[in-house]
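So this one's protein.pdb, PDB, C-alpha atoms:
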ATOM      1  CA  MET N  23      24.864  -4.486   9.087  1.00  0.00           C
ATOM      2  CA  GLU N  24      21.884  -3.688   6.930  1.00  0.00           C
ATOM      3  CA  ILE N  25      21.369  -5.195   3.503  1.00  0.00           C
ATOM      4  CA  GLY N  26      20.164  -1.836   2.166  1.00  0.00           C
ATOM      5  CA  GLN N  27      23.579  -0.277   2.609  1.00  0.00           C
ATOM      6  CA  TYR N  28      24.843  -2.175  -0.422  1.00  0.00           C
ATOM      7  CA  PHE N  29      22.461  -0.104  -2.522  1.00  0.00           C
ATOM      8  CA  PHE N  30      23.339   3.360  -1.216  1.00  0.00           C
ATOM      9  CA  ILE N  31      27.068   3.184  -0.436  1.00  0.00           C
ATOM     10  CA  VAL N  32      29.161   3.963  -3.516  1.00  0.00           C
ATOM     11  CA  ASP N  33      32.962   3.966  -3.292  1.00  0.00           C
ATOM     12  CA  GLY N  34      32.803   4.083   0.516  1.00  0.00           C
ATOM     13  CA  THR N  35      30.585   7.178   0.667  1.00  0.00           C
ATOM     14  CA  VAL N  36      26.840   7.595   0.951  1.00  0.00           C
ATOM     15  CA  ASP N  37      24.957   8.451  -2.235  1.00  0.00           C
ATOM     16  CA  TRP N  38      22.100  10.495  -0.786  1.00  0.00           C
ATOM     17  CA  PHE N  39      19.746  10.011  -3.745  1.00  0.00           C
ATOM     18  CA  ARG N  40      20.024   6.234  -3.451  1.00  0.00           C
ATOM     19  CA  LEU N  41      19.604   6.438   0.325  1.00  0.00           C
ATOM     20  CA  VAL N  42      16.372   8.398  -0.119  1.00  0.00           C
ATOM     21  CA  LEU N  43      15.122   5.828  -2.628  1.00  0.00           C
ATOM     22  CA  VAL N  44      16.025   2.819  -0.461  1.00  0.00           C
ATOM     23  CA  TYR N  45      14.202   4.159   2.587  1.00  0.00           C
ATOM     24  CA  GLY N  46      11.483   5.998   0.693  1.00  0.00           C
ATOM     25  CA  ILE N  47      10.296   3.046  -1.367  1.00  0.00           C
ATOM     26  CA  ARG N  48       9.438   1.118   1.801  1.00  0.00           C
ATOM     27  CA  VAL N  49       6.973   3.797   2.864  1.00  0.00           C
ATOM     28  CA  GLY N  50       6.000   5.048  -0.593  1.00  0.00           C
ATOM     29  CA  ILE N  51       4.921   1.737  -2.145  1.00  0.00           C
ATOM     30  CA  PRO N  52       1.212   2.279  -1.353  1.00  0.00           C
ATOM     31  CA  HIS N  53       1.421   5.785  -2.808  1.00  0.00           C
ATOM     32  CA  MET N  54       3.073   4.782  -6.078  1.00  0.00           C
ATOM     33  CA  VAL N  55       1.064   5.115  -9.248  1.00  0.00           C
ATOM     34  CA  ILE N  56       2.494   2.779 -11.845  1.00  0.00           C
ATOM     35  CA  VAL N  57       1.435   4.014 -15.279  1.00  0.00           C
ATOM     36  CA  ILE N  58       1.920   1.364 -17.947  1.00  0.00           C
ATOM     37  CA  PRO N  59       1.144   2.848 -21.340  1.00  0.00           C
ATOM     38  CA  GLY N  60      -0.275   0.435 -23.891  1.00  0.00           C
ATOM     39  CA  ILE N  61       0.980   1.907 -27.131  1.00  0.00           C
ATOM     40  CA  TRP N  62       4.611   2.642 -26.185  1.00  0.00           C
ATOM     41  CA  ASP N  63       7.538   0.392 -26.969  1.00  0.00           C
ATOM     42  CA  ILE N  64       9.317  -1.606 -24.273  1.00  0.00           C
ATOM     43  CA  SER N  65      11.932   1.063 -23.492  1.00  0.00           C
ATOM     44  CA  GLY N  66       9.261   3.731 -22.974  1.00  0.00           C
ATOM     45  CA  THR N  67       7.260   1.429 -20.727  1.00  0.00           C
ATOM     46  CA  VAL N  68      10.286   0.459 -18.610  1.00  0.00           C
ATOM     47  CA  GLY N  69      11.309   4.107 -18.405  1.00  0.00           C
ATOM     48  CA  MET N  70       7.847   5.154 -17.235  1.00  0.00           C
ATOM     49  CA  VAL N  71       7.766   2.419 -14.568  1.00  0.00           C
ATOM     50  CA  ALA N  72      11.247   3.466 -13.356  1.00  0.00           C
ATOM     51  CA  PHE N  73      10.103   7.098 -13.233  1.00  0.00           C
ATOM     52  CA  CYS N  74       7.057   6.134 -11.172  1.00  0.00           C
ATOM     53  CA  VAL N  75       9.221   4.151  -8.738  1.00  0.00           C
ATOM     54  CA  ILE N  76      11.604   7.110  -8.316  1.00  0.00           C
ATOM     55  CA  ILE N  77       8.733   9.535  -7.687  1.00  0.00           C
ATOM     56  CA  GLY N  78       7.135   7.060  -5.247  1.00  0.00           C
ATOM     57  CA  GLY N  79      10.467   6.718  -3.436  1.00  0.00           C
ATOM     58  CA  LEU N  80      10.810  10.483  -3.107  1.00  0.00           C
ATOM     59  CA  PHE N  81       7.244  10.801  -1.791  1.00  0.00           C
ATOM     60  CA  GLY N  82       7.943   7.932   0.580  1.00  0.00           C
ATOM     61  CA  ALA N  83      11.056   9.671   1.903  1.00  0.00           C
ATOM     62  CA  VAL N  84       9.020  12.784   2.697  1.00  0.00           C
ATOM     63  CA  ILE N  85       6.342  10.659   4.384  1.00  0.00           C
ATOM     64  CA  ALA N  86       8.987   8.710   6.339  1.00  0.00           C
ATOM     65  CA  ALA N  87      10.592  11.959   7.520  1.00  0.00           C
ATOM     66  CA  TRP N  88       7.188  13.219   8.678  1.00  0.00           C
ATOM     67  CA  LEU N  89       6.508   9.946  10.517  1.00  0.00           C
ATOM     68  CA  GLY N  90       9.899  10.208  12.241  1.00  0.00           C
ATOM     69  CA  ILE N  91       9.243  13.783  13.352  1.00  0.00           C
ATOM     70  CA  ARG N  92       5.810  12.788  14.627  1.00  0.00           C
ATOM     71  CA  ALA N  93       7.270   9.831  16.533  1.00  0.00           C
ATOM     72  CA  ILE N  94       9.818  12.084  18.236  1.00  0.00           C
ATOM     73  CA  PHE N  95       7.025  14.493  19.161  1.00  0.00           C
ATOM     74  CA  TYR N  96       5.010  11.653  20.705  1.00  0.00           C
ATOM     75  CA  LEU N  97       8.053  10.404  22.631  1.00  0.00           C
ATOM     76  CA  VAL N  98       8.480  13.861  24.151  1.00  0.00           C
ATOM     77  CA  ALA N  99       4.806  14.766  24.584  1.00  0.00           C
ATOM     78  CA  PHE N 100       3.648  11.558  26.310  1.00  0.00           C
ATOM     79  CA  PRO N 101       5.914  11.775  29.387  1.00  0.00           C
ATOM     80  CA  VAL N 102       5.207  15.503  29.678  1.00  0.00           C
ATOM     81  CA  SER N 103       1.439  14.875  29.594  1.00  0.00           C
ATOM     82  CA  CYS N 104       1.800  12.153  32.241  1.00  0.00           C
ATOM     83  CA  VAL N 105       3.696  14.527  34.531  1.00  0.00           C
ATOM     84  CA  VAL N 106       1.144  17.299  33.980  1.00  0.00           C
ATOM     85  CA  ARG N 107      -1.753  14.941  34.767  1.00  0.00           C
ATOM     86  CA  ARG N 108      -0.039  13.645  37.901  1.00  0.00           C
ATOM     87  CA  MET N 109       0.669  17.188  39.116  1.00  0.00           C
ATOM     88  CA  GLY N 110      -2.929  18.154  38.398  1.00  0.00           C
ATOM     89  CA  ARG N 111      -4.224  15.275  40.522  1.00  0.00           C
ATOM     90  CA  LYS N 112      -1.947  16.164  43.413  1.00  0.00           C
ATOM     91  CA  ALA N 113      -2.957  19.824  43.273  1.00  0.00           C
ATOM     92  CA  GLY N 114      -6.656  18.898  43.209  1.00  0.00           C
ATOM     93  CA  LYS N 115      -6.424  16.673  46.321  1.00  0.00           C
ATOM     94  CA  VAL N 116      -4.666  19.244  48.492  1.00  0.00           C
TER      95      VAL N 116
END
Go ahead and render the structure in this file as structure tokens.
Amino acid sequence: MEIGQYFFIVDGTVDWFRLVLVYGIRVGIPHMVIVIPGIWDISGTVGMVAFCVIIGGLFGAVIAAWLGIRAIFYLVAFPVSCVVRRMGRKAGKV
């Protein structure tokens, strides 16, 4: 049981926006740009930081999806390349 599920399960169903944020923030943290304005009041500053975290989470979700697709490609491509190399060696020796 994952601790993150307490953030994205609402009334027994999955809230997809929260799920994207929970998994996207992990990957998107380095890509977040936190803008803290100096002349705004506290509510504007907190709102801007929350907006930056949401945008970073959405970017992180896209990056995480791309990393997952790339990992699946590598898992398929590596065994295929090994088989092709092995068949090439056998064909060259005959």
Review point. Nearest to N:Phe73: which of N:Val42, N:Met54, N:Ile94, N:Met109 is it, counting all atoms listed in the file?
Key: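 Using all atoms listed in the file, the shortest distance to N:Phe73 belongs to N:Met54.
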Point to revise | Closest of N:Asp33, N:Gly79, N:Gly60, N:Val71 to N:Arg48 - atom-to-atom distances counting only C-alpha atoms | key: N:Gly79
Exercise for review: Please indicate the distance in Å from atom CA of N:Asp63 to atom CA of N:Ile47, rounded to one decimal place.
Suggested key: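 It comes out at 25.9 Å.
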Point to revise | Atomic distance atom CA of N:Arg107 - atom CA of N:Gly90, expressed in Å with one decimal | key: 25.8 Å
Practice item. Given the file shown, enumerate the residues that the PyMOL selection byres ((chain N and resi 52) around 12) captures and present them as a PyMOL selection string. Key: chain N and resi 46-51+53-56+75+78-79+81-82+85
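Atom pair atom CA of N:Thr67 / atom CA of N:Tyr28 has a distance of 27.1 Å (rounded to one decimal).
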Point to revise | Contact residues around N:Phe29 with only C-alpha atoms at 12 Å, ignoring same-chain residues under 3 positions, as a ChimeraX atom specification | key: /N:24-26,32-45
